[in-house]
Amino acid sequence: MSDVRKAIAAGKTALGIELGSTRIKAVLAGEDNVPVASGSHDWENRYVEGIWTYDLDEVWAGIQDCYSKLAEDVRDRYGIVLEHVGAIGFSAMMHGYMAFDDSDELLVPFRTWRNTITEQASKMLMDTFHYNIPQRWSIAHLYQAILNGEEHVARVRFFTTLAGYVHWKVTGRKVLGIGDASGMFPIDVESKDYNSRMIGQFNRLVADKNYPWRLEELLPRVLLAGEDAGVLTEEGARLLDPSGRLKAGIPLCAPEGDAGTGMVATNSVAVRTGNVSAGTSVFAMAVLEKELSRVYEEIDMVTTPDGSLVAMVHCNNCTSDLNAWVGLFREFAEGLGIEVDMGGLYGMLYQKALEGDADCGGLLAYNYFSGEHITGFEEGRPLFVRTPQSKFNLANFMRVHLFTSLGALKTGMDILLKGEGVKLDTMLGHGGLFKTKDVGQKILAAAIDTPVSVMETAGEGGAWGIALLAAYRREQTEEHLAGWLAANAFGSDAGRKAEPDPKDVEGYETFIHRYSAGFPIERAAIETLRQQK
């Protein structure tokens, strides 16, 4: 406690603030990079005139409330008024579209990653670049606005992501970490900058519009982890802390996206490593040794915060259907007058899945609450199917729902691991699927035939990840990010590892063939059962 007080008083700390979809979280890391205080603020996006958005006033009110709670936590724990930190970093949900004019005024409401309104632009840009451009990417939003003939486009002088916007306002610097930038526009991993060939193609594509700008003039400057991203201005200090206690002049690291901070928080930035975040949705990040042989619509190409190439498999559905079934079992127990501890119920049901047949006894389920682009479904219908010959028992029932929670992810990962021959030494699992010891990681290890580790610190999340990037900036070291993290944040903690069991791997392969063959059943359910308003 005394050492932590001294570190805070001396400013030998790092502050990370991440703006997630439903929560803004701040983490203060001590001199040893271990979290020593935190604060959070809950918020929700709004659907306004067909756009999922957050109001800018909500952004700053949320950040100020989050920081205030962090400062209060520091005061309550350590008896210190927080006035200075060693470095600061901001992170936020990636992608989206924030466009500003020459007076730095927002031209249209912030269009978040959640909007699926850019399909035409996405397809046209993919055809032009021969590179996958997901709908949520910033360049897809800009080009869709052009295709729509939106009048604001001619007045755009700068566009960025949410993390880039916040960083700009507190430092005056229009910069972006390379990981977040890779969700705005394709990155050339050799030059560690935007792909100049594609920028030229885009400029030619819109030349007939005679806009008073070229694309390269609108984009934030790309920075790597550890590079100088400016300092907190007096105005920026007041934006964070209206009380006036926080001092200006604090160095900042480059703003990053939540995918990049997730990689940092799970020590997954080195080549041949990766991580899987599994909760309501699920995505996998795999750090590649080389480019893929061709373009895949199922695979997003992004980068680590230090510029290594990453393949991202993002799926919309993971644990929602599984959670619904657990809720049904809770109802049953409560109907019998049994008081239910949800943690205990999840633990029992998940552990039961390990007793099931390797291939789930012939059962089949789809967890599609919403559409799933990886498998080609624009809508979803949660579904459970069996034959009279299937081995229908609780163990197989839970096992099939755990298997199907990763079914779409496996479909995408098979492209990488089997189709492209990508090599992974280990994957790090984090999120709700992995809370019950051993179960989720064993299922994932079977799905991707790769060792899966889980670390306790993974639960600290992206706010800690951006705090680590801020600490890396503070140190001004020439050591590579992966080596620095291993030595200064994770030490010998490699997590609890689960090797793939050959019988489970074989069983999952049998299941995934059944899963793929059953797509017409899911299609029939979508076409037959209309969604209720």
# chains A, B, ... in the order shown; residues from 1 in each chain; ligands from 1
>>> residues_around(residues="A:Ala463", least_positions_apart="6", cutoff="6 Å", atoms="only C-alpha atoms", output="JSON, numbers by chain")
{"A": [16, 17, 18, 26, 27]}
>>> write_last_selection(atoms="N, CA and C atoms", output="PDB file, in the first residue's frame")
ATOM      1  N   GLY A  16      -5.575   4.351 -18.266  1.00  0.00           N
ATOM      2  CA  GLY A  16      -6.240   3.933 -19.496  1.00  0.00           C
ATOM      3  C   GLY A  16      -7.732   4.127 -19.384  1.00  0.00           C
ATOM      4  N   ILE A  17      -8.349   4.732 -20.402  1.00  0.00           N
ATOM      5  CA  ILE A  17      -9.801   4.916 -20.442  1.00  0.00           C
ATOM      6  C   ILE A  17     -10.313   4.342 -21.748  1.00  0.00           C
ATOM      7  N   GLU A  18     -11.258   3.388 -21.644  1.00  0.00           N
ATOM      8  CA  GLU A  18     -11.824   2.776 -22.851  1.00  0.00           C
ATOM      9  C   GLU A  18     -13.325   3.008 -22.901  1.00  0.00           C
ATOM     10  N   ALA A  26     -12.239   3.185 -16.665  1.00  0.00           N
ATOM     11  CA  ALA A  26     -10.903   3.740 -16.451  1.00  0.00           C
ATOM     12  C   ALA A  26     -10.139   2.828 -15.507  1.00  0.00           C
ATOM     13  N   VAL A  27      -8.879   2.575 -15.818  1.00  0.00           N
ATOM     14  CA  VAL A  27      -8.000   1.777 -14.967  1.00  0.00           C
ATOM     15  C   VAL A  27      -6.702   2.552 -14.752  1.00  0.00           C
TER      16      VAL A  27
END
>>> residues_around(residues="A:Met98", least_positions_apart="5", cutoff="12 Å", atoms="only C-alpha atoms", output="ChimeraX atom specification")
/A:53-56,104-113,137-139,141-142,152-153,156-166,184,218-220
>>> closest_atom_pairs(of="stretch 357-377 of chain A", to="stretch 308-325 of chain A", cutoff="7 Å", atoms="only C-alpha atoms", output="tab-separated table")
residue	atom	partner	partner_atom	distance
A:Asn367	CA	A:Asp321	CA	5.3
A:Tyr368	CA	A:Asn317	CA	5.9
A:Phe369	CA	A:Asn317	CA	6.6
A:Ser370	CA	A:Asn317	CA	6.9
A:Glu372	CA	A:Asn316	CA	5.9
A:Ile374	CA	A:Cys315	CA	6.8
>>> write_last_selection(atoms="N, CA and C atoms", output="PDB file, in the first residue's frame")
ATOM      1  N   ASN A 367     -27.312 -21.106 -32.628  1.00  0.00           N
ATOM      2  CA  ASN A 367     -27.456 -20.065 -31.597  1.00  0.00           C
ATOM      3  C   ASN A 367     -27.728 -18.699 -32.209  1.00  0.00           C
ATOM      4  N   TYR A 368     -28.327 -18.667 -33.397  1.00  0.00           N
ATOM      5  CA  TYR A 368     -28.459 -17.432 -34.162  1.00  0.00           C
ATOM      6  C   TYR A 368     -29.621 -16.565 -33.671  1.00  0.00           C
ATOM      7  N   PHE A 369     -29.329 -15.692 -32.719  1.00  0.00           N
ATOM      8  CA  PHE A 369     -30.293 -14.675 -32.320  1.00  0.00           C
ATOM      9  C   PHE A 369     -30.407 -13.615 -33.413  1.00  0.00           C
ATOM     10  N   SER A 370     -29.305 -13.355 -34.096  1.00  0.00           N
ATOM     11  CA  SER A 370     -29.289 -12.406 -35.207  1.00  0.00           C
ATOM     12  C   SER A 370     -28.620 -13.073 -36.393  1.00  0.00           C
ATOM     13  N   GLU A 372     -25.809 -13.986 -39.295  1.00  0.00           N
ATOM     14  CA  GLU A 372     -24.405 -14.379 -39.142  1.00  0.00           C
ATOM     15  C   GLU A 372     -23.747 -14.385 -40.517  1.00  0.00           C
ATOM     16  N   ILE A 374     -20.716 -14.815 -41.461  1.00  0.00           N
ATOM     17  CA  ILE A 374     -19.721 -15.867 -41.692  1.00  0.00           C
ATOM     18  C   ILE A 374     -20.364 -17.062 -42.388  1.00  0.00           C
TER      19      ILE A 374
END
>>> residues_around(residues="A:Gly419", least_positions_apart="4", cutoff="12 Å", atoms="only C-alpha atoms", output="ChimeraX atom specification")
/A:292-294,296,411-415,423
>>> write_last_selection(atoms="C-alpha atoms", output="PDB file, in the first residue's frame")
ATOM      1  CA  LEU A 292      -3.159 -14.374 -46.795  1.00  0.00           C
ATOM      2  CA  SER A 293      -3.159 -15.791 -50.306  1.00  0.00           C
ATOM      3  CA  ARG A 294      -6.409 -14.086 -51.282  1.00  0.00           C
ATOM      4  CA  TYR A 296     -11.981 -13.522 -47.849  1.00  0.00           C
ATOM      5  CA  THR A 411     -16.090 -21.812 -39.812  1.00  0.00           C
ATOM      6  CA  GLY A 412     -13.986 -18.657 -40.111  1.00  0.00           C
ATOM      7  CA  MET A 413     -10.993 -20.062 -38.252  1.00  0.00           C
ATOM      8  CA  ASP A 414     -10.952 -23.108 -40.550  1.00  0.00           C
ATOM      9  CA  ILE A 415     -10.297 -20.722 -43.446  1.00  0.00           C
ATOM     10  CA  LYS A 423       0.245 -21.452 -37.537  1.00  0.00           C
TER      11      LYS A 423
END
>>> closest_residue(among="A:Gly431, A:Pro500, A:Gly236, A:Gly79", to="A:Gly279", atoms="only C-alpha atoms")
A:Gly431
>>> select_by_dssp(residues="stretch 288-499 of chain A", states="strand (DSSP E or B)", output="PyMOL selection string")
chain A and resi 300-303+309-315+364-366+372+377+383-385+426-430+452-454+496-498
>>> closest_residue(among="A:Arg474, A:His130, A:Arg530, A:His41", to="A:Ile88", atoms="only C-alpha atoms")
A:Arg474
>>> atom_distance(atom1="atom CA of A:Lys123", atom2="atom CA of A:Arg381")
26.1 Å
>>> residues_around(residues="A:Ala7", least_positions_apart="3", cutoff="10 Å", atoms="only C-alpha atoms", output="ChimeraX atom specification")
/A:1-4,10-13,29-32,85-86
>>> atom_distance(atom1="atom CA of A:Lys209", atom2="atom CA of A:Glu119")
20.7 Å
